[in-house]
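**Student:** Got a file for you: target-v4.pdb, PDB, C-alpha atoms.
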```
ATOM      1  CA  VAL A1280     -22.105 -29.383 -24.670
ATOM      2  CA  ARG A1281     -19.184 -27.149 -23.760
ATOM      3  CA  ASN A1282     -18.031 -26.545 -20.220
ATOM      4  CA  GLY A1283     -18.789 -22.990 -19.135
ATOM      5  CA  TYR A1284     -20.795 -22.119 -22.231
ATOM      6  CA  GLU A1285     -24.429 -22.222 -23.310
ATOM      7  CA  PHE A1286     -25.302 -23.546 -26.777
ATOM      8  CA  VAL A1287     -27.585 -21.067 -28.546
ATOM      9  CA  GLY A1288     -27.772 -22.318 -32.121
ATOM     10  CA  TRP A1289     -26.043 -22.839 -35.456
ATOM     11  CA  SER A1290     -24.329 -20.576 -37.941
ATOM     12  CA  THR A1291     -23.123 -21.212 -41.478
ATOM     13  CA  GLU A1292     -19.954 -19.233 -40.629
ATOM     14  CA  ILE A1293     -17.250 -19.778 -38.058
ATOM     15  CA  PHE A1294     -17.934 -17.359 -35.186
ATOM     16  CA  GLY A1295     -21.014 -16.127 -37.056
ATOM     17  CA  GLU A1296     -24.412 -15.096 -35.789
ATOM     18  CA  VAL A1297     -27.115 -17.656 -35.030
ATOM     19  CA  GLN A1298     -29.027 -18.606 -38.162
ATOM     20  CA  TYR A1299     -30.713 -21.724 -36.862
ATOM     21  CA  ASN A1300     -31.878 -22.120 -33.323
ATOM     22  CA  ASP A1301     -31.292 -25.343 -31.455
ATOM     23  CA  GLN A1302     -33.709 -28.056 -32.631
ATOM     24  CA  SER A1303     -35.496 -25.651 -34.976
ATOM     25  CA  ASP A1304     -37.284 -27.082 -38.030
ATOM     26  CA  VAL A1305     -35.737 -26.288 -41.425
ATOM     27  CA  ASN A1306     -37.595 -27.291 -44.602
ATOM     28  CA  SER A1307     -35.920 -28.586 -47.731
ATOM     29  CA  VAL A1308     -36.598 -25.383 -49.709
ATOM     30  CA  ASP A1309     -34.628 -23.340 -47.183
ATOM     31  CA  ILE A1310     -31.733 -25.757 -47.413
ATOM     32  CA  TYR A1311     -31.844 -25.741 -51.234
ATOM     33  CA  ASN A1312     -31.837 -21.931 -51.373
ATOM     34  CA  LEU A1313     -28.981 -21.881 -48.861
ATOM     35  CA  LEU A1314     -26.944 -24.282 -50.943
ATOM     36  CA  LEU A1315     -27.470 -22.151 -54.041
ATOM     37  CA  ASN A1316     -25.917 -19.266 -52.153
ATOM     38  CA  GLU A1317     -22.932 -21.464 -51.348
ATOM     39  CA  ASN A1318     -21.617 -21.540 -54.955
ATOM     40  CA  ASP A1319     -23.619 -24.640 -55.868
ATOM     41  CA  GLU A1320     -21.639 -26.745 -53.422
ATOM     42  CA  TYR A1321     -24.018 -29.340 -52.072
ATOM     43  CA  THR A1322     -22.372 -29.515 -48.670
ATOM     44  CA  LEU A1323     -23.895 -27.557 -45.798
ATOM     45  CA  ASN A1324     -21.517 -26.781 -42.923
ATOM     46  CA  LEU A1325     -23.032 -25.601 -39.650
ATOM     47  CA  TYR A1326     -20.996 -24.137 -36.792
ATOM     48  CA  ALA A1327     -22.056 -24.145 -33.160
ATOM     49  CA  VAL A1328     -22.623 -20.736 -31.577
ATOM     50  CA  TRP A1329     -21.865 -20.464 -27.873
ATOM     51  CA  ASN A1330     -22.565 -17.824 -25.242
ATOM     52  CA  ILE A1331     -20.277 -17.689 -22.225
ATOM     53  CA  VAL A1332     -22.086 -18.271 -18.898
ATOM     54  CA  ASN A1333     -21.457 -15.894 -15.994
ATOM     55  CA  TYR A1334     -21.735 -17.102 -12.411
ATOM     56  CA  SER A1335     -22.260 -14.920  -9.326
ATOM     57  CA  ILE A1336     -19.930 -14.629  -6.324
ATOM     58  CA  THR A1337     -21.364 -13.712  -2.913
ATOM     59  CA  TYR A1338     -18.932 -12.777  -0.149
ATOM     60  CA  GLU A1339     -19.187 -13.356   3.599
ATOM     61  CA  LEU A1340     -16.600 -10.952   5.049
ATOM     62  CA  ASN A1341     -16.856 -12.135   8.684
ATOM     63  CA  GLY A1342     -15.862  -8.781  10.147
ATOM     64  CA  GLY A1343     -13.631  -7.641   7.292
ATOM     65  CA  LEU A1344     -14.098  -5.126   4.514
ATOM     66  CA  PHE A1345     -12.940  -4.510   0.964
ATOM     67  CA  GLU A1346     -10.541  -1.654   0.251
ATOM     68  CA  SER A1347     -10.858  -2.057  -3.526
ATOM     69  CA  ASN A1348     -13.392  -3.301  -6.052
ATOM     70  CA  ARG A1349     -14.013  -7.031  -6.094
ATOM     71  CA  ILE A1350     -15.322  -9.257  -8.842
ATOM     72  CA  GLU A1351     -18.953 -10.252  -8.362
ATOM     73  CA  LYS A1352     -19.219 -12.497 -11.409
ATOM     74  CA  TYR A1353     -16.854 -14.940 -13.050
ATOM     75  CA  ASN A1354     -16.786 -17.281 -16.013
ATOM     76  CA  VAL A1355     -14.529 -19.843 -17.600
ATOM     77  CA  GLU A1356     -12.483 -17.086 -19.238
ATOM     78  CA  THR A1357     -12.048 -14.906 -16.126
ATOM     79  CA  PHE A1358      -8.435 -14.019 -15.405
ATOM     80  CA  ASP A1359      -8.960 -11.546 -12.543
ATOM     81  CA  GLU A1360      -7.822 -12.726  -9.133
ATOM     82  CA  LEU A1361     -10.059 -12.730  -6.081
ATOM     83  CA  VAL A1362      -9.583  -9.549  -4.014
ATOM     84  CA  ASN A1363      -8.357  -9.910  -0.435
ATOM     85  CA  PRO A1364     -10.303  -8.018   2.263
ATOM     86  CA  VAL A1365      -8.771  -6.490   5.400
ATOM     87  CA  ARG A1366      -9.677  -6.683   9.069
ATOM     88  CA  ILE A1367      -8.110  -4.903  12.034
ATOM     89  CA  GLY A1368      -6.126  -7.300  14.205
ATOM     90  CA  TYR A1369      -6.324 -10.208  11.775
ATOM     91  CA  THR A1370      -4.443 -11.655   8.821
ATOM     92  CA  PHE A1371      -6.485 -12.827   5.850
ATOM     93  CA  GLU A1372      -5.939 -16.553   5.289
ATOM     94  CA  GLY A1373      -8.012 -16.949   2.125
ATOM     95  CA  TRP A1374     -11.490 -17.500   0.719
ATOM     96  CA  LYS A1375     -13.201 -20.700   1.763
ATOM     97  CA  LEU A1376     -15.734 -22.706  -0.193
ATOM     98  CA  ASN A1377     -17.039 -25.785   1.594
ATOM     99  CA  ASP A1378     -14.318 -25.332   4.266
ATOM    100  CA  ALA A1379     -11.492 -25.385   1.690
ATOM    101  CA  ILE A1380      -9.358 -22.432   0.602
ATOM    102  CA  VAL A1381     -10.038 -21.719  -3.077
ATOM    103  CA  SER A1382      -8.677 -19.529  -5.874
ATOM    104  CA  ILE A1383     -10.236 -18.254  -9.082
ATOM    105  CA  THR A1384      -8.735 -21.295 -10.814
ATOM    106  CA  ASP A1385     -10.648 -23.576  -8.465
ATOM    107  CA  LEU A1386     -13.861 -21.691  -9.207
ATOM    108  CA  LYS A1387     -13.355 -22.224 -12.940
ATOM    109  CA  ASN A1388     -13.447 -25.934 -12.231
ATOM    110  CA  THR A1389     -16.660 -25.458 -10.231
ATOM    111  CA  LEU A1390     -18.594 -23.165 -12.592
ATOM    112  CA  THR A1391     -21.595 -22.480 -10.417
ATOM    113  CA  ASP A1392     -22.894 -19.628  -8.268
ATOM    114  CA  VAL A1393     -20.801 -19.602  -5.096
ATOM    115  CA  THR A1394     -20.708 -18.020  -1.655
ATOM    116  CA  LEU A1395     -17.171 -17.433  -0.422
ATOM    117  CA  SER A1396     -16.388 -17.035   3.269
ATOM    118  CA  ALA A1397     -13.398 -15.000   4.467
ATOM    119  CA  SER A1398     -11.047 -16.972   6.719
ATOM    120  CA  TRP A1399      -9.059 -14.985   9.293
ATOM    121  CA  VAL A1400      -6.167 -15.709  11.648
ATOM    122  CA  ASN A1401      -5.747 -13.664  14.848
ATOM    123  CA  ASN A1402      -2.623 -11.521  14.859
ATOM    124  CA  VAL A1403      -0.276 -12.158  17.785
ATOM    125  CA  TYR A1404       1.443  -9.350  19.672
ATOM    126  CA  THR A1405       4.095  -9.423  22.399
ATOM    127  CA  ILE A1406       3.842  -7.893  25.874
ATOM    128  CA  SER A1407       7.289  -7.397  27.412
ATOM    129  CA  TYR A1408       7.516  -6.682  31.140
ATOM    130  CA  HIS A1409      10.527  -4.717  32.366
ATOM    131  CA  GLY A1410      11.748  -4.633  35.939
ATOM    132  CA  ILE A1411      10.594  -8.076  37.075
ATOM    133  CA  ASN A1412      13.754 -10.149  36.725
ATOM    134  CA  THR A1413      16.726  -8.957  38.726
ATOM    135  CA  ASP A1414      19.112  -9.952  35.922
ATOM    136  CA  GLY A1415      17.484  -7.471  33.570
ATOM    137  CA  THR A1416      15.884 -10.022  31.266
ATOM    138  CA  LEU A1417      12.316  -9.426  30.144
ATOM    139  CA  VAL A1418       9.225 -11.424  30.989
ATOM    140  CA  VAL A1419       7.441 -11.907  27.663
ATOM    141  CA  ASP A1420       3.901 -13.038  26.888
ATOM    142  CA  GLN A1421       2.411 -13.735  23.453
ATOM    143  CA  VAL A1422      -1.200 -12.610  23.150
ATOM    144  CA  LYS A1423      -3.729 -13.135  20.342
ATOM    145  CA  TYR A1424      -5.806 -10.232  19.127
ATOM    146  CA  ASP A1425      -9.400 -10.293  20.463
ATOM    147  CA  GLU A1426      -8.452 -12.586  23.352
ATOM    148  CA  ASN A1427      -8.716 -11.436  26.982
ATOM    149  CA  TYR A1428      -5.475 -11.027  28.899
ATOM    150  CA  THR A1429      -4.750 -10.297  32.573
ATOM    151  CA  ILE A1430      -2.003  -7.763  33.323
ATOM    152  CA  LYS A1431       0.601  -9.114  35.743
ATOM    153  CA  THR A1432       0.897  -7.826  39.295
ATOM    154  CA  LEU A1433       3.969  -7.443  41.501
ATOM    155  CA  ASP A1434       4.540  -7.510  45.241
ATOM    156  CA  ASN A1435       5.524  -4.418  47.174
ATOM    157  CA  VAL A1436       9.288  -4.316  47.593
ATOM    158  CA  ASP A1437      11.847  -2.370  49.667
ATOM    159  CA  GLY A1438       9.562   0.315  50.977
ATOM    160  CA  LYS A1439       7.687   0.763  47.695
ATOM    161  CA  VAL A1440       4.043   0.045  46.905
ATOM    162  CA  PHE A1441       3.408  -1.384  43.430
ATOM    163  CA  LEU A1442       0.760   0.660  41.609
ATOM    164  CA  GLY A1443       0.684  -0.699  38.073
ATOM    165  CA  TRP A1444       2.399  -0.412  34.712
ATOM    166  CA  SER A1445       3.505   2.427  32.504
ATOM    167  CA  LEU A1446       4.154   2.455  28.752
ATOM    168  CA  GLU A1447       7.448   4.243  29.338
ATOM    169  CA  GLU A1448      10.228   4.081  31.882
ATOM    170  CA  ASN A1449       9.566   6.329  34.911
ATOM    171  CA  GLY A1450       6.131   7.131  33.520
ATOM    172  CA  SER A1451       2.683   7.263  35.056
ATOM    173  CA  VAL A1452       0.375   4.289  35.547
ATOM    174  CA  TYR A1453      -1.398   3.320  32.324
ATOM    175  CA  TYR A1454      -2.544  -0.205  33.195
ATOM    176  CA  GLY A1455      -3.511  -1.194  36.704
ATOM    177  CA  ALA A1456      -2.161  -4.395  38.205
ATOM    178  CA  GLY A1457      -4.263  -7.495  37.637
ATOM    179  CA  ILE A1458      -6.822  -5.887  35.327
ATOM    180  CA  GLU A1459      -8.262  -7.773  32.356
ATOM    181  CA  VAL A1460      -7.557  -6.170  29.002
ATOM    182  CA  LYS A1461      -7.954  -6.943  25.325
ATOM    183  CA  ASN A1462      -6.436  -5.728  22.064
ATOM    184  CA  LEU A1463      -3.517  -3.712  23.412
ATOM    185  CA  SER A1464      -2.129  -3.929  19.873
ATOM    186  CA  THR A1465      -3.449  -4.908  16.453
ATOM    187  CA  GLY A1466      -0.379  -7.117  16.078
ATOM    188  CA  ASN A1467       1.731  -4.552  14.250
ATOM    189  CA  ASP A1468       3.293  -3.146  17.431
ATOM    190  CA  ASP A1469       4.601  -4.898  20.515
ATOM    191  CA  ILE A1470       3.898  -3.541  24.003
ATOM    192  CA  ASN A1471       6.546  -2.676  26.607
ATOM    193  CA  LEU A1472       5.423  -2.244  30.221
ATOM    194  CA  TYR A1473       7.415  -0.692  33.064
ATOM    195  CA  PRO A1474       6.547  -1.022  36.780
ATOM    196  CA  VAL A1475       5.346   2.035  38.680
ATOM    197  CA  TYR A1476       5.956   2.193  42.433
ATOM    198  CA  LEU A1477       4.895   4.635  45.122
ATOM    199  CA  LYS A1478       7.487   5.315  47.786
ATOM    200  CA  THR A1479       6.271   4.628  51.303
ATOM    201  CA  ASP A1480       7.052   7.534  53.632
ATOM    202  CA  TYR A1481       7.775   6.767  57.278
ATOM    203  CA  SER A1482       7.334   9.313  60.105
ATOM    204  CA  ILE A1483      10.098  10.379  62.470
ATOM    205  CA  ASN A1484       9.059  11.457  65.942
ATOM    206  CA  TYR A1485      11.584  13.011  68.360
ATOM    207  CA  ALA A1486      11.580  12.536  72.150
ATOM    208  CA  LEU A1487      13.604  15.602  73.234
ATOM    209  CA  LEU A1488      13.252  14.850  76.979
ATOM    210  CA  GLY A1489      13.361  18.486  77.956
ATOM    211  CA  GLY A1490      15.762  19.599  75.248
ATOM    212  CA  ASN A1491      15.222  21.866  72.212
ATOM    213  CA  PHE A1492      16.393  21.988  68.615
ATOM    214  CA  VAL A1493      19.038  24.509  67.738
ATOM    215  CA  GLU A1494      17.520  27.793  66.710
ATOM    216  CA  GLY A1495      16.846  27.893  62.965
ATOM    217  CA  TYR A1496      16.979  24.127  62.499
ATOM    218  CA  THR A1497      13.945  22.407  60.947
ATOM    219  CA  PRO A1498      13.913  18.732  61.882
ATOM    220  CA  VAL A1499      13.326  15.966  59.352
ATOM    221  CA  THR A1500       9.926  14.452  60.028
ATOM    222  CA  SER A1501       9.824  11.605  57.472
ATOM    223  CA  TYR A1502      11.977   9.385  55.291
ATOM    224  CA  ASN A1503      11.583   6.800  52.526
ATOM    225  CA  ILE A1504      13.595   4.212  50.659
ATOM    226  CA  GLU A1505      15.173   6.808  48.391
ATOM    227  CA  ASN A1506      16.527   9.206  51.004
ATOM    228  CA  ILE A1507      17.375   6.825  53.848
ATOM    229  CA  ASP A1508      21.060   6.804  52.910
ATOM    230  CA  THR A1509      21.359  10.584  53.376
ATOM    231  CA  LEU A1510      19.175  10.704  56.477
ATOM    232  CA  ASN A1511      22.141  10.701  58.909
ATOM    233  CA  ASN A1512      23.374  13.978  57.486
ATOM    234  CA  GLU A1513      20.019  15.630  58.128
ATOM    235  CA  LEU A1514      19.321  14.409  61.669
ATOM    236  CA  PRO A1515      20.143  16.792  64.550
TER     237      PRO A1515
END
```
Using structure tokens, write down the structure that the file contains.
**Tutor:**
Amino acid sequence: VRNGYEFVGWSTEIFGEVQYNDQSDVNSVDIYNLLLNENDEYTLNLYAVWNIVNYSITYELNGGLFESNRIEKYNVETFDELVNPVRIGYTFEGWKLNDAIVSITDLKNTLTDVTLSASWVNNVYTISYHGINTDGTLVVDQVKYDENYTIKTLDNVDGKVFLGWSLEENGSVYYGAGIEVKNLSTGNDDINLYPVYLKTDYSINYALLGGNFVEGYTPVTSYNIENIDTLNNELP
């Protein structure tokens, strides 16, 4: 026997073709005639002839895909490495056989048909919240790809109503407060969120008590947190 090979017969030459099949009957006349052809040397040397055995590889991609050709058969002389698949949002950990990560070298020690299962690790991306801490530091969360995540919410402050989060400073709302999201990034890019507020406008009513505004003057009828400091200059 020879590991990884199948015995197919005997040859009278090293690395020659099969002349005698395994366990075939050879009569004495055949041997005598063979010896005559061997320069009258009465020693018959037979050499084993081997065929290499190929084994199949089946792949379970578990959501991934191949971007290049993969090997579907291997043998004891295979030197090609196993091809790594890809999957959005995940990092390939390796091929598993019986729950253990294996390489082509390990398969050569197995020498049987195998089914390999792709093992994946969720990528992790960062969500950084701006404008929460008064000292300017960020509030940071680490989130795994394919896991649900709830966007943070803020209280209304100083005459402003919190609406949600923008992907850029002073931008429009992209994510509403408190919504459940998933896969904001594949793990290659981190996410920065900026708070979006709506100014609350307050009405100004005037009790003139018989008086009138100066001709040509248009009274201010509302104010908000952003113009309250200049309001005194606009009042009659």
**Student:** For Tyr1284 in chain A, find every residue with an atom within 6 Å (counting only C-alpha atoms), except residues of its own chain fewer than 6 positions away, and show them as an NGL selection string.
**Tutor:** :A and (1329-1332)
**Student:** If the PyMOL selection byres ((chain A and resi 1287) around 10) is run on the structure shown, which residues does it catch, given as JSON, numbers by chain?
**Tutor:** {"A": [1284, 1285, 1286, 1288, 1289, 1290, 1296, 1297, 1299, 1300, 1301, 1327, 1328, 1329, 1330]}
**Student:** Report the residues retrieved by the PyMOL selection byres ((chain A and resi 1354) around 12) from the displayed file, expressed as an MDAnalysis selection string.
**Tutor:** chainID A and resid 1282:1285 1330:1336 1350:1353 1355:1359 1383:1393
**Student:** Which polymer residues have any atom within 10 Å of an atom of Ile1483 in chain A, counting all atoms listed in the file, with same-chain residues fewer than 4 positions away left out, as a PyMOL selection string?
**Tutor:** chain A and resi 1498-1502
**Student:** Go through A:Lys1478, A:Lys1431, A:Arg1281, A:Lys1439 and flag the residue nearest Ala1456 in chain A, using all atoms listed in the file for the distances.
**Tutor:**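 With all atoms listed in the file as the atom set, the closest residue is A:Lys1431.
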**Student:** Around (-10.2, -8.2, 29.9), as given in the file, which residues come within 9 Å? Count all atoms listed in the file and list them as a PyMOL selection string.
**Tutor:** chain A and resi 1426-1430+1458-1461
**Student:** Please produce a file of the residues just selected, as a CSV table (one decimal), in the frame of the given file, where the atoms kept are C-alpha atoms.
**Tutor:**
```
chain,number,residue,atom,x,y,z
A,1426,GLU,CA,-8.5,-12.6,23.4
A,1427,ASN,CA,-8.7,-11.4,27.0
A,1428,TYR,CA,-5.5,-11.0,28.9
A,1429,THR,CA,-4.8,-10.3,32.6
A,1430,ILE,CA,-2.0,-7.8,33.3
A,1458,ILE,CA,-6.8,-5.9,35.3
A,1459,GLU,CA,-8.3,-7.8,32.4
A,1460,VAL,CA,-7.6,-6.2,29.0
A,1461,LYS,CA,-8.0,-6.9,25.3
```
